[in-house]
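This is my_file00.cif (mmCIF, C-alpha atoms).
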data_data
loop_
_atom_site.label_atom_id
_atom_site.label_comp_id
_atom_site.auth_asym_id
_atom_site.auth_seq_id
_atom_site.Cartn_x
_atom_site.Cartn_y
_atom_site.Cartn_z
CA MET A 28 15.26 42.21 157.07
CA ASN A 29 16.29 41.71 153.42
CA ILE A 30 19.02 43.74 151.79
CA GLU A 31 16.64 46.32 150.28
CA GLN A 32 14.90 46.89 153.59
CA LYS A 33 18.28 47.19 155.29
CA ILE A 34 19.38 49.84 152.77
CA ARG A 35 16.12 51.78 153.14
CA HIS A 36 16.40 51.69 156.92
CA THR A 37 20.05 52.81 156.83
CA MET A 38 19.19 55.62 154.39
CA GLU A 39 16.67 56.95 156.90
CA GLN A 40 19.24 56.77 159.70
CA VAL A 41 21.87 58.56 157.62
CA ALA A 42 19.39 61.21 156.44
CA GLU A 43 18.58 62.00 160.05
CA LEU A 44 22.26 62.09 161.03
CA SER A 45 23.20 64.39 158.16
CA GLN A 46 20.02 66.46 158.47
CA CYS A 47 18.80 65.63 154.97
CA GLN A 48 15.16 65.16 153.98
CA LEU A 49 14.48 62.04 151.91
CA VAL A 50 11.85 62.27 149.18
CA ASN A 51 8.55 60.54 149.98
CA GLU A 52 8.52 57.79 147.39
CA ILE A 53 11.81 56.03 146.71
CA ASP A 54 11.46 53.27 144.13
CA ASP A 55 13.85 51.42 141.80
CA ASP A 56 13.82 54.29 139.27
CA THR A 57 14.55 57.06 141.78
CA VAL A 58 17.76 58.81 140.80
CA LEU A 59 20.07 58.54 143.81
CA LEU A 60 21.11 62.18 143.86
CA GLN A 61 17.42 63.17 143.77
CA SER A 62 16.56 60.97 146.74
CA GLY A 63 17.36 63.70 149.25
CA LEU A 64 20.83 62.46 150.24
CA ASP A 65 23.79 64.46 148.94
CA SER A 66 27.13 62.92 147.89
CA LEU A 67 28.46 63.10 151.46
CA GLY A 68 25.27 61.41 152.62
CA PHE A 69 25.93 58.55 150.20
CA ALA A 70 29.48 58.23 151.52
CA MET A 71 27.96 57.89 154.99
CA LEU A 72 25.44 55.33 153.70
CA VAL A 73 28.21 53.18 152.20
CA ALA A 74 30.23 53.51 155.44
CA GLN A 75 27.27 52.54 157.62
CA LEU A 76 26.37 49.59 155.39
CA ASP A 77 30.01 48.47 155.47
CA GLU A 78 29.86 48.43 159.28
CA GLU A 79 26.55 46.60 159.39
CA LEU A 80 26.90 44.14 156.50
CA GLY A 81 30.67 43.66 156.75
CA PHE A 82 31.39 44.39 153.09
CA ASP A 83 31.79 47.32 150.72
CA PRO A 84 30.97 46.32 147.13
CA PHE A 85 32.54 49.50 145.77
CA THR A 86 35.94 48.45 147.17
CA GLN A 87 35.53 44.83 146.08
CA MET A 88 34.57 45.57 142.46
CA ALA A 89 37.43 45.38 139.96
CA ILE A 90 36.02 48.07 137.65
CA PRO A 91 34.39 51.20 139.10
CA VAL A 92 30.62 51.21 138.73
CA TYR A 93 28.58 54.18 139.90
CA PRO A 94 24.90 53.34 140.26
CA SER A 95 22.59 56.15 139.27
CA THR A 96 19.26 54.80 140.51
CA PHE A 97 18.12 53.27 143.78
CA GLY A 98 17.37 49.98 141.98
CA GLU A 99 20.95 49.78 140.65
CA PHE A 100 22.35 50.56 144.10
CA VAL A 101 20.33 47.77 145.74
CA SER A 102 21.20 45.34 142.95
CA ILE A 103 24.95 45.89 143.52
CA TYR A 104 24.57 45.17 147.24
CA ARG A 105 22.43 42.09 146.52
CA GLN A 106 25.04 40.77 144.10
CA TYR A 107 27.98 41.28 146.50
CA SER A 108 26.02 39.96 149.45
CA GLU A 109 25.70 36.65 147.58
CA LYS A 110 29.41 36.73 146.68
CA THR A 111 30.38 37.37 150.30
CA ARG A 112 28.23 34.44 151.45
CA GLU A 113 29.81 32.04 148.91
CA MET B 20 33.56 60.46 171.93
CA SER B 21 36.32 58.18 170.64
CA ASN B 22 39.85 59.17 171.60
CA VAL B 23 41.58 56.65 169.37
CA VAL B 24 44.31 58.10 167.17
CA ILE B 25 45.99 56.09 164.42
CA VAL B 26 49.57 57.13 163.65
CA THR B 27 51.44 55.75 160.64
CA GLY B 28 55.22 55.48 160.53
CA ALA B 29 55.19 55.43 164.31
CA SER B 30 58.30 53.48 165.16
CA GLN B 31 60.90 56.21 164.91
CA GLY B 32 61.67 59.90 164.38
CA LEU B 33 58.71 62.22 164.12
CA GLY B 34 56.13 59.39 164.29
CA LEU B 35 57.50 58.21 167.61
CA ALA B 36 57.55 61.78 168.97
CA ILE B 37 53.89 62.15 167.92
CA VAL B 38 52.97 58.90 169.70
CA ARG B 39 54.72 60.10 172.89
CA ALA B 40 53.01 63.50 172.76
CA LEU B 41 49.57 61.93 172.20
CA LEU B 42 50.01 59.51 175.10
CA GLU B 43 50.84 62.47 177.35
CA GLN B 44 47.45 63.92 176.38
CA ASP B 45 45.68 60.66 177.26
CA TYR B 46 44.74 59.65 173.73
CA ARG B 47 44.57 55.94 172.96
CA VAL B 48 47.13 55.44 170.23
CA VAL B 49 47.38 52.78 167.55
CA ALA B 50 50.94 52.86 166.22
CA LEU B 51 51.40 51.51 162.70
CA SER B 52 54.77 50.61 161.30
CA ARG B 53 56.46 47.83 159.37
CA HIS B 54 58.50 46.84 162.42
CA CYS B 55 58.29 47.70 166.07
CA SER B 56 61.42 49.61 167.13
CA GLU B 57 63.09 49.35 170.52
CA PRO B 58 61.87 52.75 171.78
CA LEU B 59 58.32 51.93 170.66
CA SER B 60 58.53 48.55 172.45
CA GLU B 61 59.59 50.39 175.62
CA LEU B 62 56.58 52.70 175.31
CA LEU B 63 54.30 49.68 174.77
CA LYS B 64 55.58 48.13 178.01
CA MET B 65 55.04 51.37 179.90
CA GLN B 66 51.56 52.14 178.54
CA PRO B 67 49.93 48.82 177.61
CA GLU B 68 46.38 50.12 178.09
CA LYS B 69 46.78 53.23 175.96
CA LEU B 70 49.17 52.12 173.22
CA THR B 71 48.79 49.34 170.66
CA PHE B 72 51.17 48.36 167.89
CA ALA B 73 49.99 47.04 164.53
CA SER B 74 52.47 45.84 161.96
CA ALA B 75 51.65 47.22 158.51
CA ASP B 76 53.51 47.81 155.28
CA LEU B 77 51.64 50.73 153.72
CA SER B 78 53.49 50.39 150.43
CA ASP B 79 51.24 47.34 149.88
CA LEU B 80 48.36 49.52 148.68
CA ASN B 81 46.01 46.61 147.99
CA ALA B 82 46.19 45.55 151.64
CA ILE B 83 45.07 48.94 152.98
CA PRO B 84 41.26 48.34 152.87
CA ALA B 85 41.59 45.10 154.89
CA LEU B 86 44.08 46.76 157.26
CA CYS B 87 41.62 49.59 157.96
CA GLN B 88 38.75 47.15 158.42
CA SER B 89 40.74 45.18 161.00
CA LEU B 90 41.73 48.40 162.81
CA LEU B 91 38.07 49.46 162.98
CA LYS B 92 37.02 46.03 164.26
CA LYS B 93 39.67 46.01 166.95
CA HIS B 94 39.67 49.64 168.09
CA GLY B 95 36.31 51.02 166.98
CA ARG B 96 35.83 54.28 165.11
CA PRO B 97 38.94 56.45 165.42
CA TYR B 98 38.92 60.12 166.35
CA ALA B 99 41.96 60.95 164.28
CA LEU B 100 44.42 59.73 161.68
CA ILE B 101 47.98 61.03 161.44
CA ASN B 102 49.49 60.20 158.05
CA ASN B 103 53.17 60.37 158.88
CA ALA B 104 54.78 57.37 157.16
CA ALA B 105 57.02 58.39 154.28
CA VAL B 106 60.26 57.61 152.55
CA GLY B 107 62.80 60.28 151.70
CA HIS B 108 64.79 58.82 148.80
CA ASP B 109 66.92 61.56 147.36
CA GLY B 110 68.81 61.74 144.10
CA VAL B 111 68.72 63.79 140.94
CA LEU B 112 65.70 62.87 138.84
CA ALA B 113 67.74 61.94 135.78
CA THR B 114 69.23 58.96 137.60
CA LEU B 115 66.64 58.18 140.27
CA HIS B 116 65.52 54.59 139.74
CA ASN B 117 61.93 54.22 138.54
CA SER B 118 61.17 51.77 141.34
CA GLN B 119 62.14 54.46 143.86
CA ILE B 120 59.89 56.99 142.12
CA THR B 121 57.02 54.48 142.39
CA GLU B 122 57.84 53.78 146.03
CA LEU B 123 57.85 57.51 146.83
CA LEU B 124 54.50 58.06 145.10
CA ASN B 125 52.90 54.98 146.66
CA LEU B 126 54.01 55.39 150.24
CA ASN B 127 54.09 59.19 150.51
CA LEU B 128 50.96 60.01 148.53
CA GLN B 129 48.68 57.13 147.60
CA ALA B 130 48.90 55.31 150.95
CA PRO B 131 47.79 58.38 152.97
CA ILE B 132 44.96 58.97 150.46
CA LEU B 133 43.74 55.39 150.91
CA MET B 134 44.18 55.44 154.69
CA SER B 135 42.13 58.65 154.76
CA LYS B 136 39.47 57.15 152.48
CA TYR B 137 38.87 54.09 154.63
CA LEU B 138 39.21 55.70 158.06
CA LEU B 139 37.33 58.93 157.44
CA ARG B 140 34.19 56.93 156.71
CA SER B 141 33.75 56.13 160.39
CA MET B 142 34.56 59.75 161.24
CA LEU B 143 31.68 60.74 158.93
CA LEU B 144 29.36 58.54 160.99
CA ASN B 145 30.73 60.02 164.23
CA ARG B 146 30.26 63.54 162.83
CA VAL B 147 33.67 64.44 164.24
CA GLY B 148 37.26 63.66 163.33
CA ARG B 149 40.72 64.92 162.52
CA ILE B 150 43.11 64.06 159.72
CA VAL B 151 46.64 65.42 159.87
CA ASN B 152 48.95 64.86 156.93
CA ILE B 153 52.64 65.29 157.56
CA SER B 154 54.03 67.32 154.69
CA SER B 155 57.37 69.14 154.52
CA ILE B 156 58.61 72.65 153.80
CA ILE B 157 60.02 71.04 150.64
CA ALA B 158 56.45 71.04 149.25
CA GLN B 159 56.80 74.81 148.84
CA THR B 160 60.55 75.39 148.57
CA GLY B 161 62.93 73.71 146.18
CA PHE B 162 65.75 71.41 147.20
CA ASN B 163 68.26 69.78 144.90
CA GLY B 164 67.69 66.01 144.72
CA LEU B 165 64.23 65.99 146.27
CA SER B 166 61.98 66.67 143.25
CA VAL B 167 59.85 63.52 143.58
CA TYR B 168 59.70 63.74 147.37
CA ALA B 169 58.62 67.38 146.93
CA ALA B 170 55.95 66.34 144.42
CA THR B 171 54.47 63.86 146.90
CA LYS B 172 54.39 66.40 149.70
CA ALA B 173 52.88 69.13 147.50
CA GLY B 174 50.34 66.54 146.36
CA LEU B 175 49.51 65.73 149.96
CA GLU B 176 48.90 69.40 150.73
CA GLY B 177 46.59 69.77 147.71
CA PHE B 178 44.76 66.61 148.76
CA SER B 179 44.31 67.95 152.30
CA ARG B 180 42.84 71.25 151.15
CA SER B 181 40.21 69.69 148.90
CA LEU B 182 39.36 66.91 151.33
CA ALA B 183 38.85 69.56 154.01
CA ARG B 184 36.17 71.10 151.76
CA GLU B 185 34.59 67.70 151.18
CA VAL B 186 34.22 66.62 154.81
CA GLY B 187 34.04 69.91 156.69
CA LYS B 188 30.25 69.79 156.97
CA ALA B 189 30.57 66.46 158.78
CA GLY B 190 32.72 68.05 161.48
CA ILE B 191 36.02 66.64 160.24
CA THR B 192 39.10 68.82 159.90
CA VAL B 193 41.94 68.01 157.50
CA ASN B 194 45.26 69.81 157.77
CA SER B 195 48.88 69.44 156.83
CA VAL B 196 51.85 70.02 159.08
CA ALA B 197 55.02 71.03 157.27
CA PRO B 198 58.16 70.45 159.32
CA GLY B 199 61.47 71.97 158.37
CA TYR B 200 64.66 69.97 158.58
CA MET B 201 64.92 67.97 161.79
CA GLN B 202 67.63 65.66 163.03
CA THR B 203 65.96 62.32 162.27
CA ASN B 204 66.86 59.26 160.21
CA MET B 205 65.26 60.91 157.20
CA THR B 206 67.87 63.68 157.14
CA GLN B 207 70.84 61.43 157.92
CA ASN B 208 72.09 61.86 154.35
CA LEU B 209 72.48 65.58 154.90
CA SER B 210 75.97 66.35 156.09
CA ASP B 211 76.47 67.97 159.48
CA GLU B 212 77.81 70.97 157.62
CA ASN B 213 74.57 71.30 155.62
CA LEU B 214 72.43 70.96 158.74
CA LYS B 215 74.55 73.61 160.47
CA LYS B 216 74.00 75.87 157.47
CA ILE B 217 70.22 75.37 157.64
CA GLU B 218 70.38 76.01 161.38
CA ARG B 219 72.32 79.28 160.93
CA ARG B 220 69.97 80.53 158.22
CA SER B 221 66.75 79.87 160.15
CA ALA B 222 65.10 82.83 161.85
CA LEU B 223 65.54 81.26 165.27
CA GLY B 224 69.07 80.04 164.59
CA LYS B 225 68.18 76.42 165.27
CA LEU B 226 66.37 73.42 163.80
CA ALA B 227 62.84 72.53 164.82
CA THR B 228 62.76 69.27 166.77
CA PRO B 229 60.38 66.31 166.33
CA ASP B 230 58.85 67.33 169.68
CA ASP B 231 58.09 70.83 168.30
CA VAL B 232 56.28 69.28 165.34
CA ALA B 233 54.47 66.72 167.52
CA ALA B 234 53.16 69.60 169.64
CA MET B 235 51.53 71.08 166.53
CA VAL B 236 49.87 67.74 165.75
CA VAL B 237 48.53 67.57 169.31
CA TYR B 238 47.20 71.11 168.95
CA LEU B 239 45.40 70.28 165.68
CA LEU B 240 43.68 67.37 167.45
CA SER B 241 42.54 69.58 170.33
CA GLU B 242 39.11 71.16 170.66
CA GLN B 243 40.77 74.59 170.42
CA ALA B 244 41.81 73.80 166.82
CA GLY B 245 38.23 72.99 165.81
CA ALA B 246 38.07 75.98 163.46
CA ILE B 247 41.31 75.18 161.63
CA THR B 248 40.95 73.17 158.44
CA GLY B 249 42.36 73.00 154.93
CA THR B 250 45.60 74.69 155.85
CA VAL B 251 49.30 74.03 156.30
CA MET B 252 50.96 74.61 159.66
CA THR B 253 54.69 75.15 159.21
CA VAL B 254 57.05 74.23 162.05
CA ASP B 255 60.56 75.04 160.86
CA ALA B 256 62.13 77.46 163.35
CA GLY B 257 61.69 80.11 160.70
CA SER B 258 63.70 78.45 157.93
CA THR B 259 61.21 79.63 155.30
CA ALA B 260 60.47 83.01 156.91
#

Go ahead and express the file in the form of structure tokens.
Amino acid sequence: MNIEQKIRHTMEQVAELSQCQLVNEIDDDTVLLQSGLDSLGFAMLVAQLDEELGFDPFTQMAIPVYPSTFGEFVSIYRQYSEKTRE
Amino acid sequence: MSNVVIVTGASQGLGLAIVRALLEQDYRVVALSRHCSEPLSELLKMQPEKLTFASADLSDLNAIPALCQSLLKKHGRPYALINNAAVGHDGVLATLHNSQITELLNLNLQAPILMSKYLLRSMLLNRVGRIVNISSIIAQTGFNGLSVYAATKAGLEGFSRSLAREVGKAGITVNSVAPGYMQTNMTQNLSDENLKKIERRSALGKLATPDDVAAMVVYLLSEQAGAITGTVMTVDAGSTA
């Protein structure tokens, strides 16, 4: 499972856990807060990904970056996944 | 459900009393402190299955994320976090050293915020959890020489109230416990005469003990306290009544 698939799968898990309904089509341009998860849901997503991937890019980054779209969110994880592997 | 409770500042005074009270209720306790004290070592020998010690200096704020990650790896998702560690430097503001102001703000306010940030995440996933922040009656009443300490405790109470709003829907409660003066190392600078005065003026004519305060923490962790969040529970033998 690549990082994007992992994030999509975890989003579904978190949506079920927090009783949120994800929108049907989530693509790179989908605005995160219009994806169906609320801000607490995103906190859960980051927590779950931290447990599963073993890193939290938002803690590792020196300057705070808040992704607004799904594509930006995935790109941050991809970038830090490579850094963690190095 | 997890029954792991993480207690900061657990080696002496109120922290140690909280650890003892939690062990009596069969919680598994992870005691955090810079050094392990003799009484905590004794407890560790008596309850090796239920009590673990982890050395941690919470004033090293940058080390807190890694500390929390190692706690989660070793003990799994915790049920509760008790933010008790604090320093009580006193002195009039005009001459209080800036390094002591920074130390007060870091250890008493920023460290509990960061501990909460990194440990509540797993509580979010568990859909249940408890955070108890140890405040002080000084957050609401004035005391000469404790202005910065008071600011940190008032800050902690404000933090607790808003965090309670943030995480309530995930089944997590966040409360503060405000002890009055107790006979612990933190109040050793108060003269016996001053403590006697506080004792006389309290509604019950005595000081609250660390055990009295620990009992409130245990209550807030219980199922019966499931509807209590975003509030301050004062345990001061009526000093502020």

- Message: Applying the PyMOL selection byres ((chain B and resi 86) around 10) to the file I just gave you, which residues come out? Please list them as a VMD selection string.
- Response: chain B and resid 73 to 77 80 to 85 87 to 92 134 137

- the PyMOL selection byres ((chain A) within 12 of (chain B)) resolved against shown file, as a count of residues only: 31

- Task: Would you list the contacts of Thr171 of chain B as a PyMOL selection string, taking every protein, DNA or RNA residue within 8 Å and counting only C-alpha atoms, but skipping same-chain residues closer than 6 positions in sequence?
- Result: chain B and resi 123-124+127-128+158

Can those selected residues be exported to a file as a compact mmCIF listing (two decimals), in the frame of the given file so that it contains C-alpha atoms?
# COMPACT_ATOMS: atom_id res chain seq x y z
CA LEU B 123 57.85 57.51 146.83
CA LEU B 124 54.50 58.06 145.10
CA ASN B 127 54.09 59.19 150.51
CA LEU B 128 50.96 60.01 148.53
CA ALA B 158 56.45 71.04 149.25

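Interatomic distance, atom CA of Val106 of chain B to atom CA of Leu214 of chain B: 19.1 Å.
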
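Among the candidates A:Leu80, A:Ile34, A:Cys47, A:Ile53, the one nearest to Glu109 of chain A when counting all atoms listed in the file is A:Leu80.
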
- For this file, the PyMOL selection byres ((chain A and resi 93) around 12) selects which residues, as a PyMOL selection string? chain A and resi 58-60+66+69+84-86+88+90-92+94-97+99-103
